[in-house]
file structure03.cif (mmCIF, C-alpha atoms)
data_upload
loop_
_atom_site.group_PDB
_atom_site.id
_atom_site.type_symbol
_atom_site.label_atom_id
_atom_site.label_comp_id
_atom_site.auth_asym_id
_atom_site.auth_seq_id
_atom_site.Cartn_x
_atom_site.Cartn_y
_atom_site.Cartn_z
ATOM 1 C CA MET A 1 115.546 71.748 0.844
ATOM 2 C CA GLU A 2 118.493 69.794 -0.491
ATOM 3 C CA CYS A 3 120.491 73.007 -0.942
ATOM 4 C CA PHE A 4 119.735 74.133 2.615
ATOM 5 C CA TYR A 5 120.692 70.689 3.944
ATOM 6 C CA GLN A 6 123.983 70.781 2.026
ATOM 7 C CA LEU A 7 124.786 74.272 3.266
ATOM 8 C CA THR A 8 124.158 73.381 6.922
ATOM 9 C CA SER A 9 126.021 70.066 6.628
ATOM 10 C CA GLU A 10 129.093 71.792 5.198
ATOM 11 C CA ARG A 11 129.094 74.096 8.222
ATOM 12 C CA GLY A 12 128.675 71.254 10.714
ATOM 13 C CA ILE A 13 125.205 72.343 11.779
ATOM 14 C CA GLU A 14 123.019 69.535 13.092
ATOM 15 C CA LEU A 15 119.456 69.854 11.804
ATOM 16 C CA ILE A 16 116.302 68.743 13.532
ATOM 17 C CA LEU A 17 113.400 68.562 11.108
ATOM 18 C CA CYS A 18 109.830 69.027 12.311
ATOM 19 C CA THR A 19 106.692 67.941 10.539
ATOM 20 C CA PRO A 20 104.011 70.608 10.214
ATOM 21 C CA ALA A 21 101.031 70.467 12.530
ATOM 22 C CA PRO A 22 97.915 69.017 10.931
ATOM 23 C CA TYR A 23 95.094 71.128 9.580
ATOM 24 C CA ALA A 24 92.075 70.568 11.845
ATOM 25 C CA GLU A 25 89.696 70.079 8.935
ATOM 26 C CA TYR A 26 87.100 68.227 10.997
ATOM 27 C CA GLN A 27 87.130 70.483 14.064
ATOM 28 C CA LYS A 28 83.683 71.933 14.647
ATOM 29 C CA THR A 29 83.591 75.719 14.523
ATOM 30 C CA ASP A 30 81.014 78.219 13.341
ATOM 31 C CA GLU A 31 83.566 80.944 12.597
ATOM 32 C CA PHE A 32 85.403 79.508 9.604
ATOM 33 C CA PRO A 33 84.273 76.949 7.049
ATOM 34 C CA PRO A 34 86.813 74.140 6.585
ATOM 35 C CA LEU A 35 89.114 73.941 3.599
ATOM 36 C CA PRO A 36 88.151 70.554 2.117
ATOM 37 C CA GLY A 37 91.249 68.439 1.662
ATOM 38 C CA GLY A 38 93.353 70.673 3.915
ATOM 39 C CA TYR A 39 94.375 67.804 6.168
ATOM 40 C CA ALA A 40 95.482 65.732 3.163
ATOM 41 C CA LEU A 41 97.340 68.709 1.665
ATOM 42 C CA ILE A 42 99.433 69.097 4.806
ATOM 43 C CA GLY A 43 99.929 65.313 4.749
ATOM 44 C CA GLY A 44 101.958 65.669 1.556
ATOM 45 C CA TYR A 45 104.370 68.038 3.287
ATOM 46 C CA VAL A 46 104.537 65.674 6.267
ATOM 47 C CA ASP A 47 105.466 62.746 4.016
ATOM 48 C CA PHE A 48 108.198 64.830 2.374
ATOM 49 C CA VAL A 49 109.741 65.906 5.698
ATOM 50 C CA ARG A 50 109.654 62.361 7.108
ATOM 51 C CA SER A 51 111.218 60.972 3.930
ATOM 52 C CA PHE A 52 113.926 63.656 3.802
ATOM 53 C CA ALA A 53 114.828 63.065 7.466
ATOM 54 C CA ARG A 54 115.014 59.308 6.902
ATOM 55 C CA GLU A 55 117.111 59.634 3.713
ATOM 56 C CA HIS A 56 119.629 61.930 5.373
ATOM 57 C CA GLY A 57 119.651 60.420 8.862
ATOM 58 C CA LEU A 58 118.318 63.588 10.470
ATOM 59 C CA ALA A 59 116.521 63.892 13.788
ATOM 60 C CA LEU A 60 112.770 64.299 13.378
ATOM 61 C CA CYS A 61 110.220 65.897 15.664
ATOM 62 C CA ASP A 62 106.897 64.555 14.430
ATOM 63 C CA TYR A 63 104.422 67.249 15.501
ATOM 64 C CA HIS A 64 101.889 65.969 12.994
ATOM 65 C CA LYS A 65 101.718 62.502 14.529
ATOM 66 C CA ALA A 66 101.587 63.759 18.128
ATOM 67 C CA ILE A 67 98.920 66.390 17.477
ATOM 68 C CA THR A 68 96.807 64.113 15.273
ATOM 69 C CA ARG A 69 96.749 61.592 18.099
ATOM 70 C CA ALA A 70 95.948 64.208 20.772
ATOM 71 C CA MET A 71 93.276 66.005 18.756
ATOM 72 C CA GLN A 72 91.145 62.873 18.751
ATOM 73 C CA THR A 73 90.125 63.696 22.320
ATOM 74 C CA GLU A 74 90.541 67.468 22.642
ATOM 75 C CA ILE A 75 90.408 70.661 20.600
ATOM 76 C CA LEU A 76 93.951 71.833 19.971
ATOM 77 C CA PHE A 77 93.376 74.539 17.355
ATOM 78 C CA ASP A 78 91.910 78.006 17.226
ATOM 79 C CA PRO A 79 88.667 78.311 15.226
ATOM 80 C CA ASP A 80 90.750 78.980 12.085
ATOM 81 C CA ARG A 81 91.813 75.300 12.240
ATOM 82 C CA VAL A 82 95.443 76.299 11.608
ATOM 83 C CA HIS A 83 96.910 77.892 14.732
ATOM 84 C CA PRO A 84 97.313 75.755 17.856
ATOM 85 C CA THR A 85 95.708 76.735 21.145
ATOM 86 C CA GLN A 86 97.750 76.839 24.331
ATOM 87 C CA ASN A 87 97.115 73.135 24.796
ATOM 88 C CA GLY A 88 98.146 72.524 21.193
ATOM 89 C CA HIS A 89 101.419 74.329 21.858
ATOM 90 C CA ALA A 90 101.840 72.256 25.020
ATOM 91 C CA VAL A 91 101.501 69.049 22.966
ATOM 92 C CA MET A 92 104.132 70.399 20.575
ATOM 93 C CA ALA A 93 106.495 71.302 23.419
ATOM 94 C CA LYS A 94 106.098 67.872 24.961
ATOM 95 C CA GLU A 95 106.807 66.185 21.613
ATOM 96 C CA PHE A 96 109.926 68.269 20.979
ATOM 97 C CA LEU A 97 111.311 67.667 24.465
ATOM 98 C CA SER A 98 110.461 63.970 24.239
ATOM 99 C CA MET A 99 112.392 63.757 20.964
ATOM 100 C CA LEU A 100 115.362 65.216 22.863
ATOM 101 C CA GLY A 101 114.926 62.581 25.582
ATOM 102 C CA ILE A 102 113.432 64.963 28.154
ATOM 103 C CA ASP A 103 110.352 63.788 30.043
ATOM 104 C CA TYR A 104 107.965 66.682 30.507
ATOM 105 C CA GLU A 105 104.305 66.880 31.410
ATOM 106 C CA PRO A 106 102.851 70.226 30.292
ATOM 107 C CA LEU A 107 100.476 72.178 32.456
ATOM 108 C CA LYS A 108 96.832 72.024 31.449
ATOM 109 C CA THR A 109 96.074 75.333 33.137
ATOM 110 C CA PHE A 110 98.016 78.533 32.788
ATOM 111 C CA SER A 111 98.592 81.476 35.085
ATOM 112 C CA ASP A 112 96.708 84.713 34.412
ATOM 113 C CA ASP A 113 99.792 86.484 33.046
ATOM 114 C CA ILE A 114 100.389 83.682 30.528
ATOM 115 C CA GLU A 115 96.714 83.769 29.526
ATOM 116 C CA GLU A 116 96.932 87.554 29.018
ATOM 117 C CA TRP A 117 100.160 87.272 27.007
ATOM 118 C CA TYR A 118 98.608 84.575 24.822
ATOM 119 C CA ASP A 119 95.491 86.684 24.188
ATOM 120 C CA VAL A 120 97.602 89.718 23.203
ATOM 121 C CA THR A 121 99.787 87.698 20.827
ATOM 122 C CA GLN A 122 96.700 86.166 19.209
ATOM 123 C CA THR A 123 95.189 89.617 18.705
ATOM 124 C CA LEU A 124 98.408 90.925 17.158
ATOM 125 C CA ARG A 125 98.659 87.883 14.893
ATOM 126 C CA ASN A 126 95.102 88.441 13.718
ATOM 127 C CA ILE A 127 95.760 92.130 12.984
ATOM 128 C CA ILE A 128 98.940 91.407 11.023
ATOM 129 C CA THR A 129 97.292 88.577 9.091
ATOM 130 C CA THR A 130 94.335 90.777 8.220
ATOM 131 C CA GLU A 131 96.622 93.585 7.032
ATOM 132 C CA PHE A 132 98.637 91.136 4.972
ATOM 133 C CA LEU A 133 95.547 89.738 3.296
ATOM 134 C CA MET A 134 93.504 92.916 2.908
ATOM 135 C CA ILE A 135 95.899 95.764 2.134
ATOM 136 C CA PRO A 136 97.141 95.687 -1.471
ATOM 137 C CA GLY A 137 100.919 95.533 -1.589
ATOM 138 C CA TYR A 138 101.307 95.110 2.201
ATOM 139 C CA ALA A 139 103.702 92.211 1.793
ATOM 140 C CA ASN A 140 106.010 94.342 -0.374
ATOM 141 C CA MET A 141 105.810 97.605 1.595
ATOM 142 C CA ASN A 142 109.242 97.181 3.175
ATOM 143 C CA ASP A 143 111.025 96.175 -0.029
ATOM 144 C CA ASP A 144 113.276 99.028 -1.065
#
call {"tool": "encode", "arguments": {"input": "structure03.cif", "output": "structure tokens"}}
result
Amino acid sequence: MECFYQLTSERGIELILCTPAPYAEYQKTDEFPPLPGGYALIGGYVDFVRSFAREHGLALCDYHKAITRAMQTEILFDPDRVHPTQNGHAVMAKEFLSMLGIDYEPLKTFSDDIEEWYDVTQTLRNIITTEFLMIPGYANMNDD
């Protein structure tokens, strides 16, 4: 991380760091058992990003804090407990824009074409993830 920060600083690139979204360890779902300690594991990465941003005076978009707060009252993750739902993405968008000083209230309902697009992208993500995890050598297939 330090090397990347140095490289971007030397080129005059302004970084905005973002904390990772939490792992929804306690979300109720019958499809996937939770990974015990997953929330705490992500917390270590969150602490690192916050600390690095503070040490280097970098802007920080704290997705983890915003989503943790919002997920107390609504489900913001797919059953896998990792990938945000549309409303989870809306919370993230609001947090990012708020960090930039833009007041934005995300929609809680989406048009049919957005719903269809979201469903297709979720299906494709699931196919690619399955191939990556199930097919031996899939991750290295394009390395020549």
call {"tool": "closest_residue", "arguments": {"input": "structure03.cif", "among": "A:Cys61, A:Ile114, A:Met1, A:Ala21", "to": "His83 in chain A", "atoms": "only C-alpha atoms"}}
result
A:Ala21
call {"tool": "residues_around", "arguments": {"input": "structure03.cif", "residues": "Ala59 in chain A", "least_positions_apart": "3", "cutoff": "10 Å", "atoms": "only C-alpha atoms", "output": "short mmCIF file (atom, residue, chain, number, x, y, z; two decimals) with C-alpha atoms, keeping the file's coordinate frame"}}
result
data_model
loop_
_atom_site.label_atom_id
_atom_site.label_comp_id
_atom_site.auth_asym_id
_atom_site.auth_seq_id
_atom_site.Cartn_x
_atom_site.Cartn_y
_atom_site.Cartn_z
CA GLU A 14 123.02 69.54 13.09
CA LEU A 15 119.46 69.85 11.80
CA ILE A 16 116.30 68.74 13.53
CA LEU A 17 113.40 68.56 11.11
CA CYS A 18 109.83 69.03 12.31
CA ARG A 50 109.65 62.36 7.11
CA ALA A 53 114.83 63.06 7.47
CA ARG A 54 115.01 59.31 6.90
CA HIS A 56 119.63 61.93 5.37
CA ASP A 62 106.90 64.56 14.43
CA MET A 99 112.39 63.76 20.96
CA LEU A 100 115.36 65.22 22.86
#
call {"tool": "atom_distance", "arguments": {"input": "structure03.cif", "atom1": "CA of Val46 in chain A", "atom2": "CA of Leu76 in chain A"}}
result
18.4 Å
call {"tool": "resolve_selection", "arguments": {"input": "structure03.cif", "expression": "the PyMOL selection byres ((chain A and resi 64) around 7)", "output": "MDAnalysis selection string"}}
result
chainID A and resid 19:22 62:63 65:68
call {"tool": "atom_distance", "arguments": {"input": "structure03.cif", "atom1": "CA of Glu31 in chain A", "atom2": "CA of Arg69 in chain A"}}
result
24.1 Å
call {"tool": "atom_distance", "arguments": {"input": "structure03.cif", "atom1": "CA of Glu105 in chain A", "atom2": "CA of Gln122 in chain A"}}
result
24.1 Å
call {"tool": "closest_residue", "arguments": {"input": "structure03.cif", "among": "A:Glu115, A:Thr130, A:Ser9, A:Lys94", "to": "Gly57 in chain A", "atoms": "all atoms listed in the file"}}
result
A:Ser9
